[in-house]
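Beneath this line is the structure, given in structure tokens, with notes to follow.
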Amino acid sequence: MKLADLLRTLDLQTAVPDVDVTGLALDSRLVKPGDLFFAIVRGVDRYQYLDEVAARGAVAVVGERKDAQSPLPHITVPDARAALAEAAAAFYGYPGRELTLLGITGTDGKTTTSNFLYQILRAAGLNTGMVSTVNAQIGEEVLDTGFHVTTPEAFDTQRYLRQMVDSGLTHAILEMTSIGLVQQRGARPREFDIAIVTNITHEHLNDHGTYEAYFDAKALLFEGLDQPFEKTRAVERLAVLNRDDKSYEGLAKRTKARQISYGLHPEADLRASDIRNEPGRLSFVAHGPGFSFPVETKMFGAYNVSNSLAAIGATVVGLGLPVEAAQAGIAALEGVPGRMERIEMGQDFTAIVDFAHTPNALKVALESARQFTQGRVITVFGSAGLRDKAKRRMMPEHAAELADISVLTAEDPRTESLDDILAEMAHAAESRGGVEGRSFFRVPDRGAAISFALLQAQPGDVVIVLGKGHEQSMCFGETEYPWDDRVATRAALAELLGVPGPEMPSLPTAR
């Protein structure tokens, strides 16, 4: 399309050349002839690559610098990120106008809740797509998005949405991270019909600086509900808020849209009773405005009561879907990769892999494990390098109080010293009464740590490996090494039981 048409909604500060644009690019290495390049400087100064961009055939550059020395026509805008978001939507023909969009944000539980939503919409007969941190689901096609816990760039999301529209889909579910919202990746907040929050707890403070800034980033999704956006099929906008979470009061003030709260709080609009949490099964009764019905899911863990209620609020209340669709959809979800995923190799104890990598997620995962065993809870986890260091204290403190045995190990140490990270974690465990060599252990190699934890297990115990979930790599230095906790757990179990199984993945810490 013409560059002028692509940028017509923007506050432009320079003239626009009469050129055709055939694509959008943010990475200079991926520029193709006909691309419009966005010289965003947050994190990386992309202006230093303009000669390469020109050599690769880009037709123009969009950026914020008024005095840029560019070999290509340069269009100056106040906010390059906002310009990219608007241009991406325009380039793909504003697909959000033709879809009912459900956006979900939160620290923990986004992917599981997204999958509950997806299954409920499908059970109701609605053609639905989904973009999550695990994959993109477009009709019957599943795309490996390759995300490492992030929201895709705006042009990727808008391309997925266009594919959904062209495939005849009518509804789409998108996970929206705090970084994605601040950097205006993904769909724009004003495109969403329903906004859902799981919780806002301690996480990403290395990116946002304070909890308040992190909260403000999440709140952008709900503020978008108040912004007009033309829709082919209008849906009354709805904010689905967690009444049990400390974010509730603040988020309730951030939007004038219709709201429904969920949780165990007595004042929640949507509540649960008769909760039964067992390995492989969770059941409860959902009570909402004008309805009560039983719910059963294979997604065990008490926190999945909250995830289920959020999905019910968005679908039964927000979209007016029948309760039978909610029941069928929640029951149909067989599992989500790396979310309370049971690993069975014939052992006489329970082995679970879960993505919990924040203090709150670790806490509720251990609490859930405690609920469905009469034996001991043994956990394996680490704390990432170059990330929020407060987690290194909070997570071992929770584990010291909730687990019988904790095995502290590597989790993406990056360029930090793994020994130093483990020393900080050990000190935190001791501050809560942990005794090294008895209630907690330091095993730097993650494969060896998992093997050690499984070796401690007795009949009826639970071994829960936390932090990596579905992820397929671990970072040491600046190198990503192939790694999958599920494969590693199967390998360790196979060796323990003397049965066939996969080979243990190797990390630089392996001896």
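We label chains A, B, ... in the order they appear in the structure tokens, count residues from 1 in each chain, and number ligands from 1 in the order shown.
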
Residues within 7 Å of Tyr262 in chain A, please, as a list in words. Count only C-alpha atoms; anything in the same chain fewer than 3 positions from it doesn't count.
Leu241, Asn242, Arg243, Ala268, Asp269, Leu270, Arg271, Leu309 and Ala310 of chain A

Export of the given selection (N, CA and C atoms) as a PDB file, in the first residue's frame:
```
ATOM      1  N   LEU A 241     -12.221  -8.668  36.517  1.00  0.00           N
ATOM      2  CA  LEU A 241     -11.238  -8.322  37.538  1.00  0.00           C
ATOM      3  C   LEU A 241     -11.205  -9.352  38.656  1.00  0.00           C
ATOM      4  N   ASN A 242     -10.016  -9.594  39.197  1.00  0.00           N
ATOM      5  CA  ASN A 242      -9.810 -10.575  40.265  1.00  0.00           C
ATOM      6  C   ASN A 242     -10.053  -9.907  41.624  1.00  0.00           C
ATOM      7  N   ARG A 243     -11.174 -10.254  42.271  1.00  0.00           N
ATOM      8  CA  ARG A 243     -11.540  -9.635  43.553  1.00  0.00           C
ATOM      9  C   ARG A 243     -10.596 -10.048  44.682  1.00  0.00           C
ATOM     10  N   ALA A 268     -17.251 -10.909  45.673  1.00  0.00           N
ATOM     11  CA  ALA A 268     -17.032 -11.150  44.245  1.00  0.00           C
ATOM     12  C   ALA A 268     -18.354 -11.456  43.553  1.00  0.00           C
ATOM     13  N   ASP A 269     -18.502 -10.965  42.319  1.00  0.00           N
ATOM     14  CA  ASP A 269     -19.719 -11.230  41.550  1.00  0.00           C
ATOM     15  C   ASP A 269     -19.794 -12.687  41.121  1.00  0.00           C
ATOM     16  N   LEU A 270     -18.645 -13.291  40.918  1.00  0.00           N
ATOM     17  CA  LEU A 270     -18.549 -14.668  40.441  1.00  0.00           C
ATOM     18  C   LEU A 270     -17.659 -15.424  41.416  1.00  0.00           C
ATOM     19  N   ARG A 271     -18.233 -16.436  42.083  1.00  0.00           N
ATOM     20  CA  ARG A 271     -17.524 -17.111  43.173  1.00  0.00           C
ATOM     21  C   ARG A 271     -17.525 -18.630  42.968  1.00  0.00           C
ATOM     22  N   LEU A 309     -12.765 -19.318  36.804  1.00  0.00           N
ATOM     23  CA  LEU A 309     -13.755 -18.267  37.046  1.00  0.00           C
ATOM     24  C   LEU A 309     -13.536 -17.078  36.119  1.00  0.00           C
ATOM     25  N   ALA A 310     -12.282 -16.718  35.870  1.00  0.00           N
ATOM     26  CA  ALA A 310     -11.993 -15.617  34.950  1.00  0.00           C
ATOM     27  C   ALA A 310     -12.537 -15.932  33.559  1.00  0.00           C
TER      28      ALA A 310
END
```

Which residues are close to Asn304 in chain A, i.e. within 9 Å by only C-alpha atoms, leaving aside same-chain residues fewer than 5 positions away? Reply as a ChimeraX atom specification.
/A:109,112-113,282,297,299,309

Enumerate as a short mmCIF file (atom, residue, chain, number, x, y, z; two decimals) with N, CA and C atoms, in the first residue's frame all residues of range 20-136 of chain A assigned to alpha helix (DSSP H) by DSSP on the backbone, naming them with the chain letters and numbers the document uses.
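This is the output file selection_28.cif:
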```cif
data_model
loop_
_atom_site.label_atom_id
_atom_site.label_comp_id
_atom_site.auth_asym_id
_atom_site.auth_seq_id
_atom_site.Cartn_x
_atom_site.Cartn_y
_atom_site.Cartn_z
N LEU A 50 21.08 2.06 9.52
CA LEU A 50 20.33 2.57 8.37
C LEU A 50 21.01 2.28 7.04
N ASP A 51 22.33 2.28 7.00
CA ASP A 51 23.01 1.96 5.74
C ASP A 51 22.69 0.52 5.33
N GLU A 52 22.72 -0.39 6.30
CA GLU A 52 22.37 -1.79 6.01
C GLU A 52 20.92 -1.91 5.57
N VAL A 53 20.05 -1.17 6.24
CA VAL A 53 18.62 -1.19 5.90
C VAL A 53 18.41 -0.71 4.47
N ALA A 54 19.11 0.37 4.10
CA ALA A 54 18.99 0.89 2.73
C ALA A 54 19.52 -0.12 1.71
N ALA A 55 20.64 -0.76 2.03
CA ALA A 55 21.22 -1.75 1.11
C ALA A 55 20.31 -2.94 0.91
N ALA A 80 7.69 6.39 17.97
CA ALA A 80 7.91 5.38 16.93
C ALA A 80 7.18 4.08 17.24
N ARG A 81 7.08 3.72 18.52
CA ARG A 81 6.36 2.50 18.89
C ARG A 81 4.87 2.62 18.54
N ALA A 82 4.29 3.77 18.87
CA ALA A 82 2.88 3.98 18.54
C ALA A 82 2.68 3.99 17.04
N ALA A 83 3.64 4.57 16.31
CA ALA A 83 3.55 4.58 14.86
C ALA A 83 3.57 3.18 14.28
N LEU A 84 4.44 2.32 14.83
CA LEU A 84 4.51 0.93 14.37
C LEU A 84 3.19 0.21 14.63
N ALA A 85 2.60 0.42 15.81
CA ALA A 85 1.34 -0.24 16.14
C ALA A 85 0.23 0.19 15.18
N GLU A 86 0.14 1.49 14.90
CA GLU A 86 -0.89 1.99 13.99
C GLU A 86 -0.64 1.51 12.57
N ALA A 87 0.61 1.57 12.14
CA ALA A 87 0.94 1.16 10.78
C ALA A 87 0.69 -0.33 10.57
N ALA A 88 0.98 -1.14 11.57
CA ALA A 88 0.76 -2.58 11.45
C ALA A 88 -0.73 -2.89 11.28
N ALA A 89 -1.56 -2.21 12.08
CA ALA A 89 -3.00 -2.44 11.96
C ALA A 89 -3.50 -2.01 10.58
N ALA A 90 -3.01 -0.86 10.10
CA ALA A 90 -3.44 -0.37 8.78
C ALA A 90 -2.95 -1.29 7.67
N PHE A 91 -1.69 -1.75 7.78
CA PHE A 91 -1.10 -2.58 6.73
C PHE A 91 -1.91 -3.86 6.51
N LYS A 110 -1.90 -16.58 32.81
CA LYS A 110 -2.44 -16.09 31.53
C LYS A 110 -2.67 -17.21 30.53
N THR A 111 -1.67 -18.08 30.39
CA THR A 111 -1.77 -19.10 29.34
C THR A 111 -2.85 -20.13 29.65
N THR A 112 -2.93 -20.56 30.89
CA THR A 112 -3.98 -21.51 31.25
C THR A 112 -5.36 -20.89 31.06
N THR A 113 -5.54 -19.65 31.50
CA THR A 113 -6.83 -18.99 31.33
C THR A 113 -7.15 -18.80 29.86
N SER A 114 -6.16 -18.46 29.05
CA SER A 114 -6.37 -18.32 27.61
C SER A 114 -6.87 -19.63 27.01
N ASN A 115 -6.30 -20.74 27.46
CA ASN A 115 -6.72 -22.03 26.93
C ASN A 115 -8.12 -22.41 27.41
N PHE A 116 -8.48 -22.05 28.65
CA PHE A 116 -9.87 -22.24 29.09
C PHE A 116 -10.82 -21.44 28.20
N LEU A 117 -10.49 -20.20 27.95
CA LEU A 117 -11.32 -19.35 27.08
C LEU A 117 -11.47 -19.98 25.70
N TYR A 118 -10.35 -20.42 25.14
CA TYR A 118 -10.36 -21.01 23.80
C TYR A 118 -11.29 -22.22 23.74
N GLN A 119 -11.19 -23.09 24.73
CA GLN A 119 -12.01 -24.29 24.74
C GLN A 119 -13.50 -23.96 24.92
N ILE A 120 -13.81 -22.96 25.75
CA ILE A 120 -15.21 -22.59 25.96
C ILE A 120 -15.81 -22.02 24.68
N LEU A 121 -15.07 -21.13 24.02
CA LEU A 121 -15.58 -20.54 22.77
C LEU A 121 -15.78 -21.60 21.71
N ARG A 122 -14.86 -22.53 21.64
CA ARG A 122 -15.01 -23.63 20.67
C ARG A 122 -16.20 -24.51 21.02
N ALA A 123 -16.39 -24.76 22.31
CA ALA A 123 -17.55 -25.58 22.72
C ALA A 123 -18.85 -24.89 22.39
#
```

DSSP strand (DSSP E or B) residues within range 56-217 of chain A, as a PyMOL selection string:
chain A and resi 60-63+74-76+100-105+128-131+136-138+141-143+171-175+194-197

Between A:Val462, A:Val323, A:Leu333, A:Val295, single out the one closest to Arg376 in chain A, counting only C-alpha atoms.
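Between A:Val462, A:Val323, A:Leu333, A:Val295, the residue approaching Arg376 in chain A most closely is A:Val462.
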
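With only C-alpha atoms as the atoms that count, the residue of A:Leu102, A:Leu143, A:Val336, A:Ala351 with the shortest distance to Ala457 in chain A is A:Ala351.
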
Nearest residue to Phe229 in chain A from the set A:Tyr94, A:Phe284, A:Phe293, A:Phe38 (distances using only C-alpha atoms):
A:Tyr94

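For the set A:Glu424, A:Pro71, A:Thr415, A:Leu454, the residue with the smallest atom-to-atom gap to Glu480 in chain A is A:Thr415, counting only C-alpha atoms.
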
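Among the candidates A:Gln327, A:Ser70, A:Ser178, A:Ser283, the one nearest to Tyr49 in chain A when counting only C-alpha atoms is A:Ser70.
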
Do a neighbour search on Glu430 in chain A at 10 Å with only C-alpha atoms, toss out local chain neighbours closer than 2 positions, and write the hits as a PyMOL selection string.
chain A and resi 396-397+400+425-428+432-436+439-440

I'd like the neighbourhood of Glu64 in chain A as a ChimeraX atom specification, where a residue qualifies if any of its atoms comes within 10 Å (using only C-alpha atoms), though same-chain residues fewer than 2 positions away should be ignored.
/A:13,38-41,62,66-68,74-81,83

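Between CA of Gly224 in chain A and CA of Ala326 in chain A the interatomic distance comes to 26.3 Å.
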
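Residue nearest Asn307 in chain A within the list A:Gly280, A:Leu493, A:Ala219, A:Ile104: A:Ile104 [criterion: smallest interatomic distance, only C-alpha atoms].
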